[in-house]
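Comments concern the structure below.
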Amino acid sequence: MAQPARAVVIGGGIGGLTAAVALHRGGHAVTVLERARSLEPVGAAISLAPNALRVLDVIGLGDTIRDLSAWQGDGGLRTPSGRWLSRSSAAAAERRFGGPLVLLHRATLIDHLAALLPEGVIRTACPAGLADPGDAHRPARVTTPDGELEADLVVAADGIRSAVRRALFPEHPGPAYSGFTTWRVVIPVPGVRFASHETWGRGRIWGTHPLKDGRVYAYAAAVTPAGGRAADERAELVRRYGDWHDPIPAVLAAARPEDVLRHDVYHLAEPLPAYHRGRVALLGDAAHAMPPTLGQGGNQAVEDAVVLAHHARDLPAYTAARLPRTTAIARQAVRIARLNMTGSRALAAVRNTALTTLSLAAPALVLRGFDGIADWRPPQPPYASTGTNGADAGTAAGEQT
């Protein structure tokens with residue numbers, strides 16, 4: 001009996017684990033190498049749009065995650081004073097895109113993905129490096145503290161600072177600072193009720209969203225030089241957002257300094273020439289890191305995972321399917337960041353007026369920005385779409401092997 005193809009996944013985050021599950025279900029012998037001592041993710045919550053939930057359907061996890069949805073009502077965009085710029089409806093979004101938006105803690109999704117893999121597949125405290133990308137005639141080789149592993153396929157899901165990407169494409173300039181930093185908290189805020197919202201100021205935004213477990217996920221972003229840090233990040237948030245509308249002051253009052261995570265935002269401003277070389281495929285932030293302004297970073301990583309499993313023996317097809325789509329979405333995320341993070345009083349006023357007018361005149365137009373993103377369908381059953389929304393574009397990138 002022929003031995004199953006061997007796949008090594010470098011990185012045990014959401015994209016890497018989704019790829020591992022999809023490859024395992026496709027018959028590969030999978031090993032996941034994670035440098036951290038545990039799979040507990042650094043981060044807070046993740047929003048999964050219908051496109052990502054369809055991926056989870058392919059690996060048998062979709063309905064389980066949909067049951068964790070907390071967004072059951074209306075929400076929208078607000079100004080710091082509390083005035084609504086636009087309203088959004090969970091029901092309208094579900095009708096338009098064929099599914100809900102699910103917000104959950106990253107650790108919850110990680111736990112569910114890991115549970116779908118056999119015992120022993122995931123190796124933590126195991127930093128890995130690429131020794132040889134391989135080619136059609138020899139396997140790839142990956143270094144670990146316990147020796148080298150050979151693989152028919154290496155999945156590089158090692159994040160925005162990907163060492164594998166640098167090894168494959170040493171001439172690529174790497175991540176560029178997006179111009180703003182972010183803060184995130186996931187905490188209980190007893191007695192506070194609110195509609196899910198994102199608030200746009202000048203050069204600053206804030207978002208507050210309920211989670212199914214009763215906690216609140218809040219995030220903030222502000223235009224600031226890279227590398228800045230405050231001695232007390234909670235106090236920094238109070239300074240920047242303490243006079244904004246309810247429930248923001250209550251969230252800040254409930255947070256402790258140690259609850260606040262702060263990270264500068266970087267993205268790959270220059271697209272890669274391909275998402276593969278030899279027997280190695282790049283996935284998620286390693287391939288196409290983007291600002292979080294569309295909420296699609298993690299969603300595109302899980303899309304990558306299931307498309308890669310579909311094209312595991314034809315990596316040029318993986319590049320052809322994914323590079324045009326993710327490049328377009330990343331560029332859209334950059335454009336949105338320029339809009340919602342503008343520090344110009346005049347531009348912010350024009351932006352707010354346009355959003356209010358659009359929301360009142362044609363509410364469905366607000367959702368149109370996600371057409372072609374949230375309605376994407378995987379190429380595998382139960383969807384088996386005939387294309388991958390971009391597979392026929394950018395085919396020159398797929399010529400590299």
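Identifiers in this document derive from the order of the structure tokens: chains are assigned A, B, ..., residues are numbered from 1 separately in each chain, and ligands are numbered from 1 in order of occurrence.
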Residues within 12 Å of Pro249 in chain A, only C-alpha atoms, excluding chain neighbours under 3 positions, as a CSV table (one decimal) with C-alpha atoms, in the first residue's frame:
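Saved file around.csv follows:
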```csv
chain,number,residue,atom,x,y,z
A,80,PRO,CA,-17.6,59.8,19.2
A,189,VAL,CA,-18.6,44.3,31.8
A,192,VAL,CA,-23.9,47.0,30.3
A,206,TRP,CA,-13.2,52.2,18.6
A,208,THR,CA,-17.4,47.3,21.1
A,218,ALA,CA,-13.4,45.9,22.4
A,234,ARG,CA,-5.4,51.4,29.9
A,235,ALA,CA,-4.6,54.9,31.0
A,237,LEU,CA,-7.0,54.4,26.2
A,238,VAL,CA,-8.8,56.6,28.8
A,239,ARG,CA,-6.8,59.6,27.6
A,240,ARG,CA,-7.7,58.9,23.9
A,241,TYR,CA,-11.3,57.6,24.3
A,242,GLY,CA,-12.5,58.3,27.8
A,243,ASP,CA,-15.0,61.0,26.7
A,244,TRP,CA,-16.5,59.0,23.8
A,245,HIS,CA,-20.1,57.7,23.9
A,246,ASP,CA,-21.5,54.9,26.1
A,252,LEU,CA,-12.5,51.3,30.1
A,253,ALA,CA,-13.6,51.4,33.8
A,254,ALA,CA,-13.9,47.6,33.8
A,255,ALA,CA,-10.5,46.9,32.2
```
> Contacts of Asp259 in chain A at 6 Å or less, counting only C-alpha atoms, minus same-chain residues fewer than 2 places along, as number ranges by chain?
Replying inline: A: 185, 256-257
I'd like a table as JSON lines: residues in range 185-213 of chain A with an atom no more than 12 Å from range 108-127 of chain A, each row giving the shortest atom pair and its distance in Å to one decimal, only C-alpha atoms counted, sorted by chain and rising residue number.
```
{"residue": "A:Leu211", "atom": "CA", "partner": "A:Thr108", "partner_atom": "CA", "distance": 11.5}
{"residue": "A:Lys212", "atom": "CA", "partner": "A:Thr108", "partner_atom": "CA", "distance": 11.3}
{"residue": "A:Asp213", "atom": "CA", "partner": "A:Thr108", "partner_atom": "CA", "distance": 10.7}
```
Include all heavy atoms and write out the residues we just selected as a PDB file, in the first residue's frame.
```pdb
ATOM      1  N   LEU A 211     -19.793  39.085  23.105  1.00  0.00           N
ATOM      2  CA  LEU A 211     -19.467  37.698  22.794  1.00  0.00           C
ATOM      3  C   LEU A 211     -20.530  36.782  23.393  1.00  0.00           C
ATOM      4  O   LEU A 211     -21.227  37.150  24.341  1.00  0.00           O
ATOM      5  CB  LEU A 211     -18.084  37.332  23.349  1.00  0.00           C
ATOM      6  CG  LEU A 211     -16.889  38.084  22.760  1.00  0.00           C
ATOM      7  CD1 LEU A 211     -15.607  37.660  23.468  1.00  0.00           C
ATOM      8  CD2 LEU A 211     -16.779  37.849  21.267  1.00  0.00           C
ATOM      9  N   LYS A 212     -20.638  35.576  22.860  1.00  0.00           N
ATOM     10  CA  LYS A 212     -21.676  34.644  23.294  1.00  0.00           C
ATOM     11  C   LYS A 212     -21.507  34.254  24.756  1.00  0.00           C
ATOM     12  O   LYS A 212     -22.478  33.951  25.450  1.00  0.00           O
ATOM     13  CB  LYS A 212     -21.616  33.382  22.406  1.00  0.00           C
ATOM     14  CG  LYS A 212     -22.768  32.405  22.615  1.00  0.00           C
ATOM     15  CD  LYS A 212     -24.076  32.983  22.096  1.00  0.00           C
ATOM     16  CE  LYS A 212     -25.213  31.980  22.126  1.00  0.00           C
ATOM     17  NZ  LYS A 212     -25.136  31.001  21.042  1.00  0.00           N
ATOM     18  N   ASP A 213     -20.249  34.258  25.253  1.00  0.00           N
ATOM     19  CA  ASP A 213     -20.007  33.850  26.637  1.00  0.00           C
ATOM     20  C   ASP A 213     -20.289  34.962  27.645  1.00  0.00           C
ATOM     21  O   ASP A 213     -20.025  34.807  28.843  1.00  0.00           O
ATOM     22  CB  ASP A 213     -18.574  33.335  26.802  1.00  0.00           C
ATOM     23  CG  ASP A 213     -17.509  34.395  26.519  1.00  0.00           C
ATOM     24  OD1 ASP A 213     -17.856  35.580  26.385  1.00  0.00           O
ATOM     25  OD2 ASP A 213     -16.310  34.025  26.430  1.00  0.00           O
TER      26      ASP A 213
END
```
> Which residues in range 15-51 of chain A does DSSP call strand (DSSP E)? List them as a PyMOL selection string.
Replying inline: chain A and resi 29-33+45-48
Could you dump the residues just selected with all heavy atoms as a compact mmCIF listing (two decimals), in the first residue's frame?
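Wrote again.txt, looks like this:
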```
# COMPACT_ATOMS: atom_id res chain seq x y z
N ALA A 29 -0.56 12.66 5.73
CA ALA A 29 0.02 12.48 7.06
C ALA A 29 0.59 13.82 7.48
O ALA A 29 1.55 14.31 6.88
CB ALA A 29 1.11 11.42 7.03
N VAL A 30 0.00 14.45 8.49
CA VAL A 30 0.28 15.85 8.81
C VAL A 30 1.05 15.97 10.11
O VAL A 30 0.77 15.25 11.09
CB VAL A 30 -1.04 16.65 8.90
CG1 VAL A 30 -0.76 18.11 9.22
CG2 VAL A 30 -1.83 16.54 7.61
N THR A 31 2.00 16.89 10.13
CA THR A 31 2.68 17.30 11.35
C THR A 31 2.60 18.81 11.45
O THR A 31 2.90 19.51 10.48
CB THR A 31 4.16 16.87 11.35
OG1 THR A 31 4.24 15.45 11.23
CG2 THR A 31 4.87 17.31 12.62
N VAL A 32 2.20 19.34 12.61
CA VAL A 32 2.13 20.78 12.85
C VAL A 32 3.23 21.16 13.83
O VAL A 32 3.33 20.57 14.92
CB VAL A 32 0.76 21.19 13.43
CG1 VAL A 32 0.73 22.70 13.72
CG2 VAL A 32 -0.37 20.82 12.48
N LEU A 33 4.04 22.12 13.45
CA LEU A 33 5.16 22.58 14.28
C LEU A 33 4.88 24.00 14.75
O LEU A 33 4.74 24.92 13.94
CB LEU A 33 6.47 22.56 13.48
CG LEU A 33 6.81 21.23 12.79
CD1 LEU A 33 8.08 21.36 11.97
CD2 LEU A 33 6.96 20.11 13.83
N ALA A 45 -10.36 38.48 19.90
CA ALA A 45 -11.45 37.84 19.19
C ALA A 45 -11.19 37.86 17.69
O ALA A 45 -10.29 38.53 17.20
CB ALA A 45 -12.77 38.54 19.51
N ILE A 46 -11.99 37.08 16.98
CA ILE A 46 -11.94 37.06 15.52
C ILE A 46 -13.36 37.04 15.00
O ILE A 46 -14.23 36.38 15.58
CB ILE A 46 -11.15 35.84 15.00
CG1 ILE A 46 -11.07 35.86 13.46
CG2 ILE A 46 -11.75 34.53 15.50
CD1 ILE A 46 -10.16 34.82 12.88
N SER A 47 -13.62 37.79 13.94
CA SER A 47 -14.92 37.74 13.30
C SER A 47 -14.81 36.84 12.07
O SER A 47 -13.89 37.00 11.27
CB SER A 47 -15.39 39.14 12.89
OG SER A 47 -14.49 39.74 11.99
N LEU A 48 -15.73 35.92 11.95
CA LEU A 48 -15.77 34.99 10.83
C LEU A 48 -16.99 35.32 9.97
O LEU A 48 -18.13 35.22 10.43
CB LEU A 48 -15.85 33.54 11.32
CG LEU A 48 -14.64 33.05 12.11
CD1 LEU A 48 -14.90 31.64 12.67
CD2 LEU A 48 -13.38 33.06 11.26
```
Contact table range 215-314 of chain A vs range 165-178 of chain A, cut-off 7 Å, shortest pair per residue, only C-alpha atoms, as a Markdown table:
```
| residue | atom | partner | partner_atom | distance |
| --- | --- | --- | --- | --- |
| A:Val265 | CA | A:Ser178 | CA | 5.5 |
| A:Tyr266 | CA | A:Tyr177 | CA | 4.4 |
| A:His267 | CA | A:Pro175 | CA | 5.2 |
| A:Leu268 | CA | A:Pro175 | CA | 4.7 |
| A:Ala269 | CA | A:Ala176 | CA | 6.2 |
| A:Arg277 | CA | A:Leu168 | CA | 6.7 |
| A:Ala286 | CA | A:Arg165 | CA | 6.5 |
| A:Pro291 | CA | A:Ser178 | CA | 7.0 |
```
Residues of range 83-188 of chain A at most 9 Å from range 355-359 of chain A: nearest atom pair and distance in Å, only C-alpha atoms, as a Markdown table:
```
| residue | atom | partner | partner_atom | distance |
| --- | --- | --- | --- | --- |
| A:Trp84 | CA | A:Thr356 | CA | 7.8 |
| A:Leu85 | CA | A:Thr356 | CA | 4.7 |
| A:Ser86 | CA | A:Ser359 | CA | 5.1 |
| A:Arg87 | CA | A:Ser359 | CA | 6.8 |
| A:Ser88 | CA | A:Ser359 | CA | 8.8 |
```
Could the residues in this selection be written to a file with all heavy atoms, as a PDB file, in the first residue's frame?
```pdb
ATOM      1  N   TRP A  84     -25.410  57.937  15.179  1.00  0.00           N
ATOM      2  CA  TRP A  84     -25.260  56.840  14.228  1.00  0.00           C
ATOM      3  C   TRP A  84     -24.978  57.397  12.830  1.00  0.00           C
ATOM      4  O   TRP A  84     -25.715  58.242  12.328  1.00  0.00           O
ATOM      5  CB  TRP A  84     -26.525  55.986  14.188  1.00  0.00           C
ATOM      6  CG  TRP A  84     -26.721  55.167  15.431  1.00  0.00           C
ATOM      7  CD1 TRP A  84     -27.497  55.488  16.504  1.00  0.00           C
ATOM      8  CD2 TRP A  84     -26.124  53.902  15.726  1.00  0.00           C
ATOM      9  NE1 TRP A  84     -27.422  54.506  17.458  1.00  0.00           N
ATOM     10  CE2 TRP A  84     -26.591  53.508  17.007  1.00  0.00           C
ATOM     11  CE3 TRP A  84     -25.254  53.065  15.039  1.00  0.00           C
ATOM     12  CZ2 TRP A  84     -26.202  52.314  17.609  1.00  0.00           C
ATOM     13  CZ3 TRP A  84     -24.866  51.865  15.636  1.00  0.00           C
ATOM     14  CH2 TRP A  84     -25.332  51.510  16.902  1.00  0.00           C
ATOM     15  N   LEU A  85     -23.904  56.906  12.221  1.00  0.00           N
ATOM     16  CA  LEU A  85     -23.610  57.246  10.835  1.00  0.00           C
ATOM     17  C   LEU A  85     -24.322  56.295   9.886  1.00  0.00           C
ATOM     18  O   LEU A  85     -24.789  56.693   8.821  1.00  0.00           O
ATOM     19  CB  LEU A  85     -22.102  57.170  10.585  1.00  0.00           C
ATOM     20  CG  LEU A  85     -21.237  58.183  11.322  1.00  0.00           C
ATOM     21  CD1 LEU A  85     -19.760  57.842  11.126  1.00  0.00           C
ATOM     22  CD2 LEU A  85     -21.532  59.583  10.811  1.00  0.00           C
ATOM     23  N   SER A  86     -24.367  55.044  10.247  1.00  0.00           N
ATOM     24  CA  SER A  86     -25.057  54.055   9.427  1.00  0.00           C
ATOM     25  C   SER A  86     -25.478  52.908  10.317  1.00  0.00           C
ATOM     26  O   SER A  86     -24.867  52.642  11.349  1.00  0.00           O
ATOM     27  CB  SER A  86     -24.169  53.541   8.288  1.00  0.00           C
ATOM     28  OG  SER A  86     -23.108  52.753   8.792  1.00  0.00           O
ATOM     29  N   ARG A  87     -26.543  52.244   9.921  1.00  0.00           N
ATOM     30  CA  ARG A  87     -27.052  51.087  10.645  1.00  0.00           C
ATOM     31  C   ARG A  87     -26.828  49.836   9.813  1.00  0.00           C
ATOM     32  O   ARG A  87     -26.940  49.863   8.588  1.00  0.00           O
ATOM     33  CB  ARG A  87     -28.555  51.242  10.906  1.00  0.00           C
ATOM     34  CG  ARG A  87     -28.903  52.433  11.783  1.00  0.00           C
ATOM     35  CD  ARG A  87     -28.798  52.098  13.247  1.00  0.00           C
ATOM     36  NE  ARG A  87     -29.376  53.132  14.088  1.00  0.00           N
ATOM     37  CZ  ARG A  87     -29.682  52.961  15.370  1.00  0.00           C
ATOM     38  NH1 ARG A  87     -29.478  51.787  15.930  1.00  0.00           N
ATOM     39  NH2 ARG A  87     -30.191  53.952  16.064  1.00  0.00           N
ATOM     40  N   SER A  88     -26.541  48.747  10.505  1.00  0.00           N
ATOM     41  CA  SER A  88     -26.387  47.461   9.828  1.00  0.00           C
ATOM     42  C   SER A  88     -27.303  46.445  10.491  1.00  0.00           C
ATOM     43  O   SER A  88     -27.601  46.547  11.680  1.00  0.00           O
ATOM     44  CB  SER A  88     -24.935  46.974   9.891  1.00  0.00           C
ATOM     45  OG  SER A  88     -24.475  46.935  11.218  1.00  0.00           O
TER      46      SER A  88
END
```
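Across A:Leu17, A:Leu153, A:Val8, A:Ile65, the tightest approach to Val302 in chain A is made by A:Leu17 when counting only C-alpha atoms.
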> What is the distance, in Å and to one decimal place, between CA of Glu303 in chain A and CA of Pro378 in chain A?
Replying inline: 7.4 Å
For Ala49 in chain A, please output as a PDB file with N, CA and C atoms, in the first residue's frame all residues within 12 Å (counting only C-alpha atoms; exclusion window: fewer than 6 positions along the same chain).
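Once written, selection-v9.pdb looks like this:
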```
ATOM      1  N   VAL A  55     -15.813  27.579   4.647  1.00  0.00           N
ATOM      2  CA  VAL A  55     -14.599  26.773   4.766  1.00  0.00           C
ATOM      3  C   VAL A  55     -14.735  25.801   5.929  1.00  0.00           C
ATOM      4  N   LEU A  56     -15.224  26.298   7.056  1.00  0.00           N
ATOM      5  CA  LEU A  56     -15.384  25.423   8.218  1.00  0.00           C
ATOM      6  C   LEU A  56     -16.428  24.349   7.956  1.00  0.00           C
ATOM      7  N   GLY A  62     -18.460  24.000  10.661  1.00  0.00           N
ATOM      8  CA  GLY A  62     -19.213  25.223  10.440  1.00  0.00           C
ATOM      9  C   GLY A  62     -20.366  25.448  11.398  1.00  0.00           C
ATOM     10  N   ILE A  65     -19.439  26.333  15.011  1.00  0.00           N
ATOM     11  CA  ILE A  65     -18.997  27.708  15.200  1.00  0.00           C
ATOM     12  C   ILE A  65     -20.155  28.685  15.028  1.00  0.00           C
ATOM     13  N   ARG A  66     -21.075  28.410  14.100  1.00  0.00           N
ATOM     14  CA  ARG A  66     -22.233  29.306  13.942  1.00  0.00           C
ATOM     15  C   ARG A  66     -23.039  29.385  15.237  1.00  0.00           C
ATOM     16  N   SER A  69     -22.420  32.332  17.565  1.00  0.00           N
ATOM     17  CA  SER A  69     -22.658  33.700  17.106  1.00  0.00           C
ATOM     18  C   SER A  69     -23.341  34.517  18.197  1.00  0.00           C
ATOM     19  N   TRP A  71     -23.902  38.065  17.524  1.00  0.00           N
ATOM     20  CA  TRP A  71     -24.512  39.225  16.870  1.00  0.00           C
ATOM     21  C   TRP A  71     -25.868  38.839  16.326  1.00  0.00           C
ATOM     22  N   ALA A  90     -28.071  42.331  11.074  1.00  0.00           N
ATOM     23  CA  ALA A  90     -27.580  40.961  10.964  1.00  0.00           C
ATOM     24  C   ALA A  90     -28.417  40.164   9.974  1.00  0.00           C
ATOM     25  N   ALA A  93     -27.579  41.206   6.343  1.00  0.00           N
ATOM     26  CA  ALA A  93     -26.286  40.661   5.922  1.00  0.00           C
ATOM     27  C   ALA A  93     -26.388  39.162   5.653  1.00  0.00           C
ATOM     28  N   GLU A  94     -27.154  38.472   6.492  1.00  0.00           N
ATOM     29  CA  GLU A  94     -27.294  37.023   6.303  1.00  0.00           C
ATOM     30  C   GLU A  94     -28.053  36.717   5.011  1.00  0.00           C
ATOM     31  N   ARG A  96     -28.097  38.595   2.332  1.00  0.00           N
ATOM     32  CA  ARG A  96     -27.286  38.983   1.171  1.00  0.00           C
ATOM     33  C   ARG A  96     -26.149  37.995   0.918  1.00  0.00           C
ATOM     34  N   PHE A  97     -25.541  37.505   1.996  1.00  0.00           N
ATOM     35  CA  PHE A  97     -24.328  36.698   1.835  1.00  0.00           C
ATOM     36  C   PHE A  97     -24.509  35.227   2.187  1.00  0.00           C
ATOM     37  N   GLY A  98     -25.725  34.858   2.566  1.00  0.00           N
ATOM     38  CA  GLY A  98     -26.001  33.443   2.788  1.00  0.00           C
ATOM     39  C   GLY A  98     -25.504  32.899   4.103  1.00  0.00           C
ATOM     40  N   GLY A  99     -25.307  33.755   5.099  1.00  0.00           N
ATOM     41  CA  GLY A  99     -24.856  33.261   6.389  1.00  0.00           C
ATOM     42  C   GLY A  99     -24.600  34.402   7.345  1.00  0.00           C
ATOM     43  N   PRO A 100     -24.406  34.084   8.624  1.00  0.00           N
ATOM     44  CA  PRO A 100     -24.209  35.110   9.640  1.00  0.00           C
ATOM     45  C   PRO A 100     -22.753  35.528   9.743  1.00  0.00           C
ATOM     46  N   LEU A 101     -22.538  36.572  10.508  1.00  0.00           N
ATOM     47  CA  LEU A 101     -21.201  36.940  10.953  1.00  0.00           C
ATOM     48  C   LEU A 101     -21.054  36.443  12.382  1.00  0.00           C
ATOM     49  N   VAL A 102     -19.998  35.680  12.641  1.00  0.00           N
ATOM     50  CA  VAL A 102     -19.781  35.091  13.964  1.00  0.00           C
ATOM     51  C   VAL A 102     -18.552  35.735  14.590  1.00  0.00           C
ATOM     52  N   LEU A 103     -18.712  36.238  15.806  1.00  0.00           N
ATOM     53  CA  LEU A 103     -17.598  36.808  16.552  1.00  0.00           C
ATOM     54  C   LEU A 103     -17.320  35.890  17.737  1.00  0.00           C
ATOM     55  N   LEU A 104     -16.095  35.420  17.874  1.00  0.00           N
ATOM     56  CA  LEU A 104     -15.736  34.540  18.980  1.00  0.00           C
ATOM     57  C   LEU A 104     -14.283  34.733  19.349  1.00  0.00           C
ATOM     58  N   LEU A 294     -11.112  45.436   7.143  1.00  0.00           N
ATOM     59  CA  LEU A 294     -12.224  44.677   6.563  1.00  0.00           C
ATOM     60  C   LEU A 294     -12.560  43.448   7.406  1.00  0.00           C
ATOM     61  N   GLY A 295     -11.773  43.180   8.432  1.00  0.00           N
ATOM     62  CA  GLY A 295     -11.988  41.984   9.243  1.00  0.00           C
ATOM     63  C   GLY A 295     -11.756  40.703   8.473  1.00  0.00           C
ATOM     64  N   GLN A 296     -10.866  40.748   7.450  1.00  0.00           N
ATOM     65  CA  GLN A 296     -10.715  39.588   6.569  1.00  0.00           C
ATOM     66  C   GLN A 296      -9.374  38.865   6.702  1.00  0.00           C
ATOM     67  N   GLY A 297      -8.477  39.316   7.561  1.00  0.00           N
ATOM     68  CA  GLY A 297      -7.180  38.660   7.667  1.00  0.00           C
ATOM     69  C   GLY A 297      -7.295  37.179   7.990  1.00  0.00           C
ATOM     70  N   GLY A 298      -7.972  36.859   9.092  1.00  0.00           N
ATOM     71  CA  GLY A 298      -8.159  35.464   9.467  1.00  0.00           C
ATOM     72  C   GLY A 298      -9.057  34.716   8.503  1.00  0.00           C
ATOM     73  N   ASN A 299     -10.066  35.400   7.963  1.00  0.00           N
ATOM     74  CA  ASN A 299     -10.976  34.771   7.008  1.00  0.00           C
ATOM     75  C   ASN A 299     -10.236  34.329   5.748  1.00  0.00           C
ATOM     76  N   GLN A 300      -9.321  35.184   5.276  1.00  0.00           N
ATOM     77  CA  GLN A 300      -8.568  34.812   4.079  1.00  0.00           C
ATOM     78  C   GLN A 300      -7.576  33.688   4.366  1.00  0.00           C
ATOM     79  N   VAL A 302      -8.147  31.124   6.379  1.00  0.00           N
ATOM     80  CA  VAL A 302      -8.862  29.845   6.329  1.00  0.00           C
ATOM     81  C   VAL A 302      -9.305  29.530   4.904  1.00  0.00           C
ATOM     82  N   GLU A 303      -9.606  30.566   4.114  1.00  0.00           N
ATOM     83  CA  GLU A 303      -9.838  30.311   2.681  1.00  0.00           C
ATOM     84  C   GLU A 303      -8.594  29.684   2.046  1.00  0.00           C
ATOM     85  N   PHE A 370     -18.870  44.292   0.556  1.00  0.00           N
ATOM     86  CA  PHE A 370     -18.458  42.913   0.838  1.00  0.00           C
ATOM     87  C   PHE A 370     -18.906  41.934  -0.241  1.00  0.00           C
ATOM     88  N   ASP A 371     -19.542  42.448  -1.293  1.00  0.00           N
ATOM     89  CA  ASP A 371     -19.852  41.590  -2.437  1.00  0.00           C
ATOM     90  C   ASP A 371     -18.543  41.067  -3.030  1.00  0.00           C
ATOM     91  N   ILE A 373     -16.609  39.140  -1.549  1.00  0.00           N
ATOM     92  CA  ILE A 373     -15.777  38.719  -0.416  1.00  0.00           C
ATOM     93  C   ILE A 373     -16.556  37.727   0.439  1.00  0.00           C
ATOM     94  N   ALA A 374     -17.643  38.208   1.053  1.00  0.00           N
ATOM     95  CA  ALA A 374     -18.390  37.356   1.977  1.00  0.00           C
ATOM     96  C   ALA A 374     -19.193  36.275   1.274  1.00  0.00           C
ATOM     97  N   ASP A 375     -19.457  36.426  -0.040  1.00  0.00           N
ATOM     98  CA  ASP A 375     -20.246  35.421  -0.752  1.00  0.00           C
ATOM     99  C   ASP A 375     -19.379  34.365  -1.442  1.00  0.00           C
ATOM    100  N   TRP A 376     -18.079  34.380  -1.204  1.00  0.00           N
ATOM    101  CA  TRP A 376     -17.161  33.387  -1.788  1.00  0.00           C
ATOM    102  C   TRP A 376     -17.511  31.976  -1.319  1.00  0.00           C
ATOM    103  N   ARG A 377     -17.310  31.001  -2.226  1.00  0.00           N
ATOM    104  CA  ARG A 377     -17.581  29.595  -1.890  1.00  0.00           C
ATOM    105  C   ARG A 377     -16.357  28.747  -2.198  1.00  0.00           C
TER     106      ARG A 377
END
```
Give me the residues near His209 in chain A as a tab-separated table (two decimals) with C-alpha atoms, in the first residue's frame, where near means some atom within 8 Å (using only C-alpha atoms) and where sequence neighbours in that chain fewer than 6 positions away do not count.
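Output saved as selection.tsv:
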```tsv
chain	number	residue	atom	x	y	z
A	195	ALA	CA	-25.69	47.56	20.19
A	196	SER	CA	-22.63	46.22	18.43
A	197	HIS	CA	-20.82	49.17	16.89
A	216	VAL	CA	-17.25	42.14	25.72
A	217	TYR	CA	-14.70	42.40	22.93
A	218	ALA	CA	-13.45	45.94	22.45
```
> DSSP on the backbone: what in range 163-375 of chain A comes out alpha helix (DSSP H), as a PyMOL selection string?
Replying inline: chain A and resi 163-168+233-241+248-254+285-288+297-310+315-340+345-361+364-367
